[in-house]
>>> print(open('work.cif').read())   # mmCIF, C-alpha atoms
data_query
#
loop_
_atom_site.label_atom_id
_atom_site.label_comp_id
_atom_site.auth_asym_id
_atom_site.auth_seq_id
_atom_site.Cartn_x
_atom_site.Cartn_y
_atom_site.Cartn_z
CA MET A 1273 -29.30 12.76 187.73
CA PRO A 1274 -30.14 10.03 185.21
CA ALA A 1275 -33.36 8.18 185.66
CA VAL A 1276 -33.11 5.16 187.87
CA ALA A 1277 -35.13 2.04 187.68
CA GLU A 1278 -38.39 2.00 189.55
CA LEU A 1279 -38.81 0.09 192.72
CA PRO A 1280 -38.10 -2.50 194.23
CA SER A 1281 -37.60 -0.49 197.38
CA PRO A 1282 -37.46 -1.81 200.94
CA THR A 1283 -41.17 -1.07 201.26
CA THR A 1284 -42.07 -3.27 198.32
CA THR A 1285 -39.52 -6.05 198.73
CA ALA A 1286 -40.21 -6.46 202.43
CA PRO A 1287 -43.23 -8.41 203.61
CA PRO A 1288 -46.47 -6.38 203.46
CA ALA A 1289 -46.67 -3.82 206.25
CA THR A 1290 -49.10 -4.49 209.02
CA PRO A 1291 -51.94 -1.97 209.33
CA PRO A 1292 -50.51 -0.26 212.47
CA VAL A 1293 -47.16 0.36 210.72
CA GLU A 1294 -48.89 1.71 207.62
CA LEU A 1295 -51.08 3.94 209.79
CA ARG A 1296 -48.04 5.22 211.70
CA ARG A 1297 -46.27 5.95 208.40
CA ARG A 1298 -49.17 8.10 207.22
CA LEU A 1299 -49.61 9.94 210.52
CA LEU A 1300 -45.96 10.42 211.48
CA LEU A 1301 -45.08 13.54 209.48
CA PRO A 1302 -48.32 15.49 210.25
CA LEU A 1303 -47.93 14.52 213.92
CA LEU A 1304 -44.31 15.71 214.04
CA VAL A 1305 -45.25 19.00 212.35
CA GLY A 1306 -47.98 19.61 214.94
CA LEU A 1307 -45.70 18.75 217.87
CA LEU A 1308 -42.95 20.99 216.50
CA VAL A 1309 -45.31 23.98 216.22
CA VAL A 1310 -46.46 23.47 219.83
CA ALA A 1311 -42.85 23.04 221.03
CA VAL A 1312 -41.77 26.25 219.28
CA LEU A 1313 -44.60 28.28 220.84
CA VAL A 1314 -43.95 26.87 224.33
CA SER A 1315 -40.16 27.25 224.04
CA ALA A 1316 -40.46 30.85 222.85
CA GLY A 1317 -42.51 31.71 225.92
CA ALA A 1318 -40.41 29.86 228.52
CA GLY A 1319 -37.73 31.66 230.48
CA ALA A 1320 -37.08 34.33 233.09
CA VAL A 1321 -39.70 36.57 231.45
CA HIS A 1322 -42.69 34.27 231.05
CA ILE A 1323 -44.70 34.85 227.88
CA PRO A 1324 -47.98 32.87 227.63
CA VAL A 1325 -48.61 31.07 224.36
CA PRO A 1326 -51.51 33.42 223.37
CA ALA A 1327 -49.17 36.38 223.87
CA VAL A 1328 -46.50 34.67 221.72
CA VAL A 1329 -49.08 34.18 218.95
CA GLY A 1330 -50.25 37.79 219.33
CA ILE A 1331 -46.69 39.15 219.04
CA LEU A 1332 -45.96 37.04 215.95
CA LEU A 1333 -49.19 38.15 214.26
CA HIS A 1334 -48.40 41.78 215.22
CA LYS A 1335 -44.97 41.46 213.56
CA LEU A 1336 -46.72 40.18 210.44
CA GLY A 1337 -48.95 43.24 210.43
CA LEU A 1338 -52.07 41.32 211.50
CA SER A 1339 -54.41 42.35 214.32
CA SER A 1340 -55.33 39.46 216.62
CA GLY A 1341 -56.73 41.13 219.73
CA LEU A 1342 -54.38 39.02 221.88
CA ALA A 1343 -52.85 41.10 224.68
CA PHE A 1344 -49.09 41.34 225.33
CA GLU A 1345 -46.65 43.76 226.94
CA SER A 1346 -43.91 45.70 225.18
CA GLN A 1347 -41.29 43.98 227.38
CA GLN A 1348 -42.58 40.57 226.29
CA GLU A 1349 -42.41 41.66 222.64
CA ALA A 1350 -38.81 42.89 223.03
CA VAL A 1351 -37.65 39.70 224.78
CA LEU A 1352 -39.39 37.39 222.32
CA TRP A 1353 -38.20 39.16 219.18
CA ALA A 1354 -34.61 39.98 220.19
CA ILE A 1355 -33.66 36.95 222.34
CA ARG A 1356 -36.06 33.98 222.30
CA LEU A 1357 -37.18 33.74 218.68
CA PRO A 1358 -33.71 33.76 217.06
CA ARG A 1359 -32.61 31.07 219.51
CA VAL A 1360 -35.65 28.91 218.80
CA CYS A 1361 -35.22 29.35 215.03
CA LEU A 1362 -31.53 28.41 215.26
CA GLY A 1363 -32.41 25.34 217.34
CA VAL A 1364 -35.02 24.22 214.78
CA LEU A 1365 -32.57 24.65 211.89
CA ILE A 1366 -29.69 22.85 213.62
CA GLY A 1367 -31.85 20.06 215.02
CA ALA A 1368 -33.36 19.41 211.58
CA ALA A 1369 -29.92 19.45 209.96
CA LEU A 1370 -28.40 17.01 212.48
CA GLY A 1371 -31.35 14.61 212.32
CA LEU A 1372 -31.39 14.67 208.52
CA ALA A 1373 -27.62 14.21 208.21
CA GLY A 1374 -27.79 11.24 210.60
CA ALA A 1375 -30.53 9.58 208.55
CA ALA A 1376 -28.52 10.13 205.36
CA MET A 1377 -25.36 8.60 206.86
CA GLN A 1378 -27.31 5.60 208.18
CA GLY A 1379 -28.69 5.11 204.67
CA LEU A 1380 -25.24 5.45 203.11
CA PHE A 1381 -23.59 2.97 205.49
CA ARG A 1382 -26.73 0.80 205.56
CA ASN A 1383 -26.29 0.68 209.31
CA PRO A 1384 -28.85 2.07 211.81
CA LEU A 1385 -26.08 2.81 214.33
CA ALA A 1386 -24.09 5.10 212.00
CA ASP A 1387 -23.96 8.87 212.37
CA PRO A 1388 -22.10 11.79 210.72
CA GLY A 1389 -19.33 11.53 213.30
CA LEU A 1390 -18.15 8.34 211.58
CA ILE A 1391 -16.67 10.33 208.69
CA GLY A 1392 -14.84 12.76 210.98
CA VAL A 1393 -17.12 15.80 210.69
CA SER A 1394 -17.52 16.58 214.39
CA ALA A 1395 -13.95 15.59 215.34
CA GLY A 1396 -12.47 17.77 212.59
CA ALA A 1397 -14.62 20.73 213.58
CA SER A 1398 -13.64 20.32 217.23
CA LEU A 1399 -9.92 20.10 216.41
CA ALA A 1400 -10.01 23.23 214.24
CA ALA A 1401 -11.96 25.20 216.84
CA VAL A 1402 -9.66 24.18 219.71
CA THR A 1403 -6.60 24.96 217.58
CA THR A 1404 -7.98 28.44 216.92
CA ILE A 1405 -8.60 29.00 220.63
CA VAL A 1406 -5.27 27.68 221.95
CA LEU A 1407 -2.55 28.43 219.41
CA GLU A 1408 -1.21 31.98 219.21
CA VAL A 1409 0.49 31.88 215.81
CA THR A 1410 0.70 34.63 213.18
CA LEU A 1411 -1.71 33.01 210.72
CA LEU A 1412 -4.44 32.47 213.30
CA SER A 1413 -3.97 35.97 214.73
CA ALA A 1414 -4.42 37.44 211.24
CA LEU A 1415 -7.50 35.25 210.77
CA ARG A 1416 -8.98 36.49 214.06
CA GLU A 1417 -8.38 40.13 213.06
CA TRP A 1418 -10.02 39.55 209.69
CA LEU A 1419 -13.06 37.51 210.71
CA GLY A 1420 -13.55 38.75 214.27
CA PHE A 1421 -16.52 37.09 215.99
CA TYR A 1422 -16.93 34.54 213.19
CA THR A 1423 -13.36 33.17 213.40
CA LEU A 1424 -14.31 30.13 215.47
CA ALA A 1425 -17.28 29.24 213.29
CA VAL A 1426 -15.30 29.52 210.05
CA ALA A 1427 -12.42 27.47 211.49
CA ALA A 1428 -14.78 24.73 212.72
CA PHE A 1429 -16.52 24.52 209.36
CA ALA A 1430 -13.18 24.33 207.54
CA GLY A 1431 -12.03 21.59 209.91
CA ALA A 1432 -15.20 19.58 209.30
CA CYS A 1433 -14.78 19.83 205.52
CA GLY A 1434 -11.05 19.03 205.70
CA THR A 1435 -11.40 15.82 207.72
CA THR A 1436 -14.34 14.64 205.62
CA LEU A 1437 -12.34 15.18 202.43
CA LEU A 1438 -9.41 13.29 203.96
CA VAL A 1439 -11.63 10.33 204.92
CA TYR A 1440 -13.20 10.29 201.47
CA GLN A 1441 -9.81 10.29 199.71
CA LEU A 1442 -8.51 7.50 201.97
CA SER A 1443 -11.57 5.39 201.16
CA LYS A 1444 -11.14 5.53 197.38
CA GLU A 1445 -10.13 2.34 195.57
CA ALA A 1446 -9.77 2.50 191.78
CA GLY A 1447 -11.57 5.84 191.78
CA ARG A 1448 -14.55 4.58 193.82
CA ALA A 1449 -15.26 5.31 197.47
CA VAL A 1450 -15.64 2.02 199.34
CA VAL A 1451 -18.04 2.34 202.27
CA ALA A 1452 -16.27 -0.22 204.49
CA THR A 1453 -12.90 1.53 203.97
CA MET A 1454 -14.57 4.88 204.61
CA LEU A 1455 -15.80 3.58 207.96
CA LEU A 1456 -12.32 2.39 208.98
CA ALA A 1457 -10.67 5.60 207.74
CA GLY A 1458 -13.24 7.60 209.69
CA ILE A 1459 -12.42 5.71 212.88
CA ALA A 1460 -8.69 6.38 212.41
CA VAL A 1461 -9.16 10.09 211.60
CA ASN A 1462 -11.56 10.49 214.54
CA ALA A 1463 -8.99 8.94 216.87
CA LEU A 1464 -6.19 11.18 215.57
CA ALA A 1465 -8.33 14.33 215.76
CA GLY A 1466 -9.43 13.38 219.28
CA ALA A 1467 -5.84 12.86 220.39
CA LEU A 1468 -4.69 16.20 218.96
CA THR A 1469 -7.69 17.95 220.53
CA GLY A 1470 -6.80 16.39 223.88
CA LEU A 1471 -3.17 17.48 223.52
CA LEU A 1472 -4.19 21.07 222.79
CA THR A 1473 -6.67 21.02 225.66
CA TYR A 1474 -3.89 19.83 228.00
CA ALA A 1475 -1.74 22.80 226.90
CA ALA A 1476 -4.54 25.38 227.21
CA THR A 1477 -4.64 28.09 229.87
CA ASP A 1478 -7.49 28.24 232.38
CA GLU A 1479 -9.29 30.92 230.36
CA GLN A 1480 -8.89 28.96 227.13
CA LEU A 1481 -10.02 25.81 228.89
CA ARG A 1482 -13.33 27.42 229.85
CA SER A 1483 -13.95 28.40 226.23
CA ILE A 1484 -13.06 24.92 225.00
CA THR A 1485 -15.28 23.21 227.56
CA PHE A 1486 -18.33 25.38 226.91
CA TRP A 1487 -17.93 25.20 223.13
CA GLY A 1488 -17.27 21.47 223.12
CA LEU A 1489 -20.47 20.70 225.04
CA GLY A 1490 -22.66 22.70 222.68
CA SER A 1491 -24.90 25.72 223.24
CA LEU A 1492 -27.42 27.89 221.41
CA GLY A 1493 -26.55 30.83 223.68
CA GLY A 1494 -24.90 32.78 220.86
CA ALA A 1495 -28.05 32.83 218.74
CA SER A 1496 -29.05 36.13 217.13
CA TRP A 1497 -30.84 37.15 213.96
CA PRO A 1498 -27.50 37.71 212.09
CA THR A 1499 -26.45 34.17 213.11
CA VAL A 1500 -29.74 32.68 211.90
CA ILE A 1501 -29.59 34.59 208.61
CA GLY A 1502 -25.92 33.66 208.19
CA VAL A 1503 -26.43 29.89 208.53
CA LEU A 1504 -29.76 29.75 206.72
CA PRO A 1505 -28.33 29.46 203.15
CA LEU A 1506 -25.79 26.81 204.25
CA LEU A 1507 -28.41 24.69 206.04
CA ALA A 1508 -31.14 25.25 203.45
CA LEU A 1509 -29.20 23.26 200.83
CA PRO A 1510 -29.05 19.96 202.77
CA LEU A 1511 -32.53 20.51 204.26
CA LEU A 1512 -34.02 20.87 200.78
CA LEU A 1513 -31.88 18.42 198.81
CA LEU A 1514 -31.34 15.43 201.14
CA PRO A 1515 -35.06 14.50 201.43
CA ARG A 1516 -35.13 14.26 197.61
CA LEU A 1517 -32.65 11.36 197.77
CA GLY A 1518 -35.02 9.01 199.61
CA LYS A 1519 -35.82 6.88 196.57
CA GLN A 1520 -32.11 6.49 195.70
CA LEU A 1521 -31.31 5.49 199.28
CA ASN A 1522 -34.05 2.84 199.11
CA LEU A 1523 -32.31 1.35 196.08
CA LEU A 1524 -28.89 1.61 197.76
CA ALA A 1525 -30.28 -0.44 200.66
CA LEU A 1526 -30.42 -3.41 198.27
CA GLY A 1527 -26.61 -3.33 197.92
CA GLU A 1528 -24.27 -1.23 195.78
CA ASP A 1529 -23.96 -3.74 192.92
CA GLN A 1530 -27.69 -4.40 192.66
CA ALA A 1531 -28.47 -0.68 192.89
CA ALA A 1532 -25.97 0.04 190.11
CA HIS A 1533 -27.57 -2.67 187.93
CA LEU A 1534 -30.93 -0.95 188.49
CA GLY A 1535 -29.52 2.29 187.05
CA LEU A 1536 -28.51 4.12 190.23
CA PRO A 1537 -25.34 6.28 189.89
CA VAL A 1538 -23.85 4.97 193.14
CA THR A 1539 -20.63 7.01 193.16
CA ARG A 1540 -22.43 10.29 192.52
CA LEU A 1541 -25.02 9.47 195.17
CA LYS A 1542 -22.25 8.83 197.74
CA ARG A 1543 -20.63 12.18 196.94
CA GLN A 1544 -23.94 14.01 197.22
CA LEU A 1545 -24.71 12.41 200.58
CA ILE A 1546 -21.26 13.12 202.01
CA VAL A 1547 -21.12 16.73 200.80
CA LEU A 1548 -24.63 17.59 201.99
CA ALA A 1549 -24.21 15.84 205.35
CA THR A 1550 -20.88 17.57 205.91
CA LEU A 1551 -22.44 20.93 205.06
CA ALA A 1552 -25.27 20.30 207.53
CA VAL A 1553 -23.14 19.03 210.42
CA GLY A 1554 -20.16 21.31 209.82
CA THR A 1555 -22.36 24.42 209.82
CA SER A 1556 -24.22 23.23 212.92
CA VAL A 1557 -21.03 22.50 214.87
CA ALA A 1558 -19.55 25.82 213.78
CA VAL A 1559 -22.35 27.90 215.36
CA ALA A 1560 -23.52 25.70 218.24
CA GLY A 1561 -20.62 23.37 219.12
CA SER A 1562 -20.81 19.60 219.38
CA ILE A 1563 -24.34 18.31 220.02
CA GLY A 1564 -24.15 14.54 220.22
CA PHE A 1565 -26.63 11.66 219.80
CA LEU A 1566 -29.21 13.67 217.84
CA GLY A 1567 -28.09 12.36 214.45
CA LEU A 1568 -27.78 8.84 215.83
CA VAL A 1569 -30.95 8.34 217.85
CA VAL A 1570 -33.65 10.40 216.11
CA PRO A 1571 -33.45 8.70 212.66
CA HIS A 1572 -33.49 5.30 214.31
CA LEU A 1573 -36.61 6.14 216.33
CA VAL A 1574 -38.33 7.41 213.17
CA ARG A 1575 -37.40 4.19 211.39
CA LEU A 1576 -38.80 2.10 214.24
CA ALA A 1577 -42.09 4.03 214.10
CA ALA A 1578 -42.61 4.24 210.34
CA GLY A 1579 -40.49 1.54 208.73
CA PRO A 1580 -37.36 1.72 206.56
CA ASP A 1581 -38.66 3.80 203.62
CA HIS A 1582 -36.22 6.71 203.33
CA ARG A 1583 -38.91 8.86 201.68
CA VAL A 1584 -40.46 9.00 205.16
CA VAL A 1585 -37.34 8.52 207.31
CA LEU A 1586 -35.49 11.56 205.91
CA PRO A 1587 -38.20 14.22 206.47
CA GLY A 1588 -39.23 12.47 209.70
CA ALA A 1589 -35.67 12.67 211.03
CA ALA A 1590 -35.49 16.38 210.16
CA LEU A 1591 -38.75 17.14 211.98
CA GLY A 1592 -37.84 14.87 214.90
CA GLY A 1593 -34.39 16.45 215.26
CA ALA A 1594 -35.89 19.94 215.29
CA LEU A 1595 -38.45 18.87 217.89
CA VAL A 1596 -35.94 17.18 220.21
CA LEU A 1597 -33.41 20.03 220.07
CA THR A 1598 -36.12 22.65 220.71
CA LEU A 1599 -37.28 20.77 223.81
CA ALA A 1600 -33.70 20.12 224.98
CA ASP A 1601 -32.79 23.80 224.63
CA THR A 1602 -35.88 24.78 226.61
CA LEU A 1603 -34.77 22.51 229.44
CA ALA A 1604 -31.15 23.70 229.19
CA ARG A 1605 -32.06 27.34 229.86
CA THR A 1606 -34.84 26.80 232.42
CA VAL A 1607 -33.82 23.87 234.66
CA VAL A 1608 -31.02 25.72 236.48
CA ALA A 1609 -32.09 29.32 235.65
CA PRO A 1610 -30.64 31.94 235.70
CA ALA A 1611 -27.65 29.71 234.77
CA GLU A 1612 -27.68 27.57 231.65
CA LEU A 1613 -26.72 23.96 231.03
CA PRO A 1614 -24.67 23.10 227.93
CA ILE A 1615 -27.17 21.52 225.59
CA GLY A 1616 -24.78 18.70 224.66
CA ILE A 1617 -25.06 17.38 228.23
CA LEU A 1618 -28.84 17.10 227.97
CA THR A 1619 -28.80 15.41 224.55
CA ALA A 1620 -26.24 12.93 225.87
CA LEU A 1621 -28.29 12.26 229.03
CA LEU A 1622 -31.43 11.71 226.95
CA GLY A 1623 -29.71 9.93 224.08
CA THR A 1624 -27.56 7.43 225.96
CA PRO A 1625 -30.46 5.40 227.45
CA VAL A 1626 -32.17 5.33 224.06
CA PHE A 1627 -28.92 4.25 222.39
CA LEU A 1628 -28.48 1.42 224.91
CA TRP A 1629 -32.09 0.37 224.36
CA ILE A 1630 -31.41 0.22 220.61
CA LEU A 1631 -28.34 -1.96 221.18
CA LEU A 1632 -30.24 -4.37 223.46
CA ARG A 1633 -33.15 -4.51 221.02
CA GLU A 1634 -30.81 -5.36 218.13
CA LYS A 1635 -29.20 -8.04 220.30
CA ARG A 1636 -32.59 -9.59 221.14
CA LEU A 1637 -33.57 -9.60 217.46
CA ARG A 1638 -30.33 -11.35 216.48
CA LEU A 1639 -30.79 -14.00 219.14
CA ALA A 1640 -34.49 -14.54 218.35
#
>>> encode(input="work.cif", output="structure tokens")
Amino acid sequence: MPAVAELPSPTTTAPPATPPVELRRRLLLPLLVGLLVVAVLVSAGAGAVHIPVPAVVGILLHKLGLSSGLAFESQQEAVLWAIRLPRVCLGVLIGAALGLAGAAMQGLFRNPLADPGLIGVSAGASLAAVTTIVLEVTLLSALREWLGFYTLAVAAFAGACGTTLLVYQLSKEAGRAVVATMLLAGIAVNALAGALTGLLTYAATDEQLRSITFWGLGSLGGASWPTVIGVLPLLALPLLLLPRLGKQLNLLALGEDQAAHLGLPVTRLKRQLIVLATLAVGTSVAVAGSIGFLGLVVPHLVRLAAGPDHRVVLPGAALGGALVLTLADTLARTVVAPAELPIGILTALLGTPVFLWILLREKRLRLA
């Protein structure tokens, strides 16, 4: 990527930050890392077989070949290693990916209420997954025989990529993607995908309907080490590359024309953001279903705490998303144990009040 002009960024063009905001900006990332470590240890030990945090630490050190002197039982080791830890790792990866993708889309649209769903990622993944479940056609049957257990995940990922590509092509004017047109095209494609998903759901049998309902509400219940290892390369790309675009997003916040005059390759930046966000959300939806509000609420909360600098917002949203999804999954599998709540219900219950608070806060600021 060619060199871009140095700042001004929102942090330097805005009025000087007050000391509390500057202090929060410095403390936010270390604080989120500490909270995430605690949440992972607590979540790994919570469940039908209770494993105290010292035992969790002892088992992890034992697996690393280190002697800690912390006592644990063989049953606790088997449960933690085979069931709990892959689920917690998958939750951390997916939560980080959703939070980061949401922050990237809010930076791209320059709108704090944007999320990856605006460009059709989740709706396309849902439509492809429901189509695979409901339709009994030759092509899909051959696909199921070839891919087996991974058919649904591959179909959902392909659907996410397909709808995103369609929205991007519809938004192009004279070879350039126009953000406002992309937003409108995303709304139209979301509506069409939602209608087709509803039509297929209406035609589904009772057995298919149960699969659609459980998958559509999201769950980490299918987590295993092969699943974690399978999604790791796909999620590692956006998790590593998106935080490096913070400086470019700061320039884009000044406006596309001004950013271009400062040397920012706007078109290439848009493509990078869309491809990486689609990869993050499409992979997440493919293995865990639709988990709403995470990509919308978490980046906005990070921005409220630490200001608009995307060099902090992007990694903060990744850590915050991982933290929130880890805690939500812990509640989902313990509140009504031995049953399990779909995790999408919990994120919606927690996210809706926060979303309404954001709307009311924005309204008060406009009227002030």
>>> closest_atom_pairs(input="work.cif", of="region 1281-1355 of chain A", to="region 1573-1576 of chain A", cutoff="12 Å", atoms="all atoms listed in the file", output="Markdown table")
| residue | atom | partner | partner_atom | distance |
| --- | --- | --- | --- | --- |
| A:Val1293 | CA | A:Leu1576 | CA | 9.2 |
| A:Arg1296 | CA | A:Val1574 | CA | 10.1 |
| A:Arg1297 | CA | A:Val1574 | CA | 9.4 |
| A:Leu1299 | CA | A:Val1574 | CA | 11.9 |
| A:Leu1300 | CA | A:Val1574 | CA | 8.4 |
| A:Leu1301 | CA | A:Val1574 | CA | 9.8 |
| A:Leu1303 | CA | A:Val1574 | CA | 12.0 |
| A:Leu1304 | CA | A:Val1574 | CA | 10.3 |
>>> residues_near_point(input="work.cif", point="(-37.9, 4.0, 203.7)", cutoff="12 Å", atoms="all atoms listed in the file", output="PyMOL selection string")
chain A and resi 1279-1286+1294+1297+1375-1376+1378-1379+1382+1515+1517-1526+1571-1572+1574-1589
>>> resolve_selection(input="work.cif", expression="the PyMOL selection byres ((chain A and resi 1619-1635) around 12)", output="PyMOL selection string")
chain A and resi 1367+1383-1386+1489-1491+1562-1573+1575-1576+1593+1596-1604+1613-1618+1636-1640
>>> resolve_selection(input="work.cif", expression="the PyMOL selection byres ((chain A and resi 1460-1475) around 7)", output="list in words")
Gly1392, Ala1395, Gly1396, Leu1399, Val1402, Thr1403, Val1406, Leu1456, Ala1457, Gly1458, Ile1459, Ala1476, Thr1477 and Leu1481 of chain A
>>> atom_distance(input="work.cif", atom1="CA of Leu1362 (chain A)", atom2="CA of Ile1501 (chain A)")
9.3 Å
>>> resolve_selection(input="work.cif", expression="the PyMOL selection byres ((chain A and resi 1373) around 9)", output="PyMOL selection string")
chain A and resi 1368-1372+1374-1378+1387-1388+1510-1511+1514+1545-1546+1548-1550+1552-1553+1567+1586+1589-1590
>>> closest_residue(input="work.cif", among="A:Ile1391, A:Leu1380, A:Ile1405, A:Leu1307", to="Glu1479 (chain A)", atoms="all atoms listed in the file")
A:Ile1405
>>> closest_residue(input="work.cif", among="A:Leu1507, A:Leu1541, A:Val1450, A:Cys1433", to="Ile1366 (chain A)", atoms="all atoms listed in the file")
A:Leu1507
>>> atom_distance(input="work.cif", atom1="CA of Trp1497 (chain A)", atom2="CA of Gly1341 (chain A)")
26.8 Å
>>> build_atoms(input="work.cif", residues="region 1420-1438 of chain A", atoms="N, CA, C and O atoms", output="short mmCIF file (atom, residue, chain, number, x, y, z; two decimals), in the frame of the given file")
data_model
loop_
_atom_site.label_atom_id
_atom_site.label_comp_id
_atom_site.auth_asym_id
_atom_site.auth_seq_id
_atom_site.Cartn_x
_atom_site.Cartn_y
_atom_site.Cartn_z
N GLY A 1420 -12.96 38.32 213.01
CA GLY A 1420 -13.55 38.75 214.27
C GLY A 1420 -14.37 37.67 214.95
O GLY A 1420 -13.90 36.55 215.17
N PHE A 1421 -15.64 37.99 215.25
CA PHE A 1421 -16.52 37.09 215.99
C PHE A 1421 -16.73 35.75 215.27
O PHE A 1421 -17.00 34.73 215.90
N TYR A 1422 -16.62 35.75 213.96
CA TYR A 1422 -16.93 34.54 213.19
C TYR A 1422 -15.72 33.62 212.99
O TYR A 1422 -15.81 32.62 212.29
N THR A 1423 -14.57 33.97 213.60
CA THR A 1423 -13.36 33.17 213.40
C THR A 1423 -13.57 31.71 213.79
O THR A 1423 -13.21 30.78 213.04
N LEU A 1424 -14.14 31.50 214.97
CA LEU A 1424 -14.31 30.13 215.47
C LEU A 1424 -15.25 29.32 214.58
O LEU A 1424 -14.98 28.15 214.28
N ALA A 1425 -16.32 29.95 214.13
CA ALA A 1425 -17.28 29.24 213.29
C ALA A 1425 -16.66 28.86 211.94
O ALA A 1425 -16.83 27.74 211.46
N VAL A 1426 -15.92 29.80 211.35
CA VAL A 1426 -15.30 29.52 210.05
C VAL A 1426 -14.25 28.42 210.19
O VAL A 1426 -14.15 27.52 209.36
N ALA A 1427 -13.46 28.49 211.28
CA ALA A 1427 -12.42 27.47 211.49
C ALA A 1427 -13.05 26.09 211.69
O ALA A 1427 -12.57 25.08 211.14
N ALA A 1428 -14.12 26.02 212.48
CA ALA A 1428 -14.78 24.73 212.72
C ALA A 1428 -15.35 24.15 211.43
O ALA A 1428 -15.24 22.95 211.17
N PHE A 1429 -15.96 24.99 210.63
CA PHE A 1429 -16.52 24.52 209.36
C PHE A 1429 -15.41 24.02 208.43
O PHE A 1429 -15.55 22.97 207.78
N ALA A 1430 -14.30 24.76 208.38
CA ALA A 1430 -13.18 24.33 207.54
C ALA A 1430 -12.61 23.01 208.04
O ALA A 1430 -12.25 22.13 207.24
N GLY A 1431 -12.53 22.85 209.36
CA GLY A 1431 -12.03 21.59 209.91
C GLY A 1431 -12.94 20.42 209.58
O GLY A 1431 -12.47 19.31 209.25
N ALA A 1432 -14.25 20.64 209.64
CA ALA A 1432 -15.20 19.58 209.30
C ALA A 1432 -15.05 19.16 207.84
O ALA A 1432 -15.01 17.96 207.51
N CYS A 1433 -14.93 20.14 206.95
CA CYS A 1433 -14.78 19.83 205.52
C CYS A 1433 -13.44 19.14 205.26
O CYS A 1433 -13.36 18.19 204.46
N GLY A 1434 -12.37 19.60 205.94
CA GLY A 1434 -11.05 19.03 205.70
C GLY A 1434 -10.96 17.56 206.10
O GLY A 1434 -10.44 16.72 205.35
N THR A 1435 -11.47 17.22 207.28
CA THR A 1435 -11.40 15.82 207.72
C THR A 1435 -12.30 14.92 206.88
O THR A 1435 -11.95 13.78 206.57
N THR A 1436 -13.46 15.44 206.47
CA THR A 1436 -14.34 14.64 205.62
C THR A 1436 -13.69 14.36 204.27
O THR A 1436 -13.75 13.23 203.75
N LEU A 1437 -13.04 15.37 203.70
CA LEU A 1437 -12.34 15.18 202.43
C LEU A 1437 -11.21 14.16 202.59
O LEU A 1437 -11.00 13.31 201.72
N LEU A 1438 -10.49 14.24 203.72
CA LEU A 1438 -9.41 13.29 203.96
C LEU A 1438 -9.94 11.85 204.05
O LEU A 1438 -9.39 10.92 203.43
#
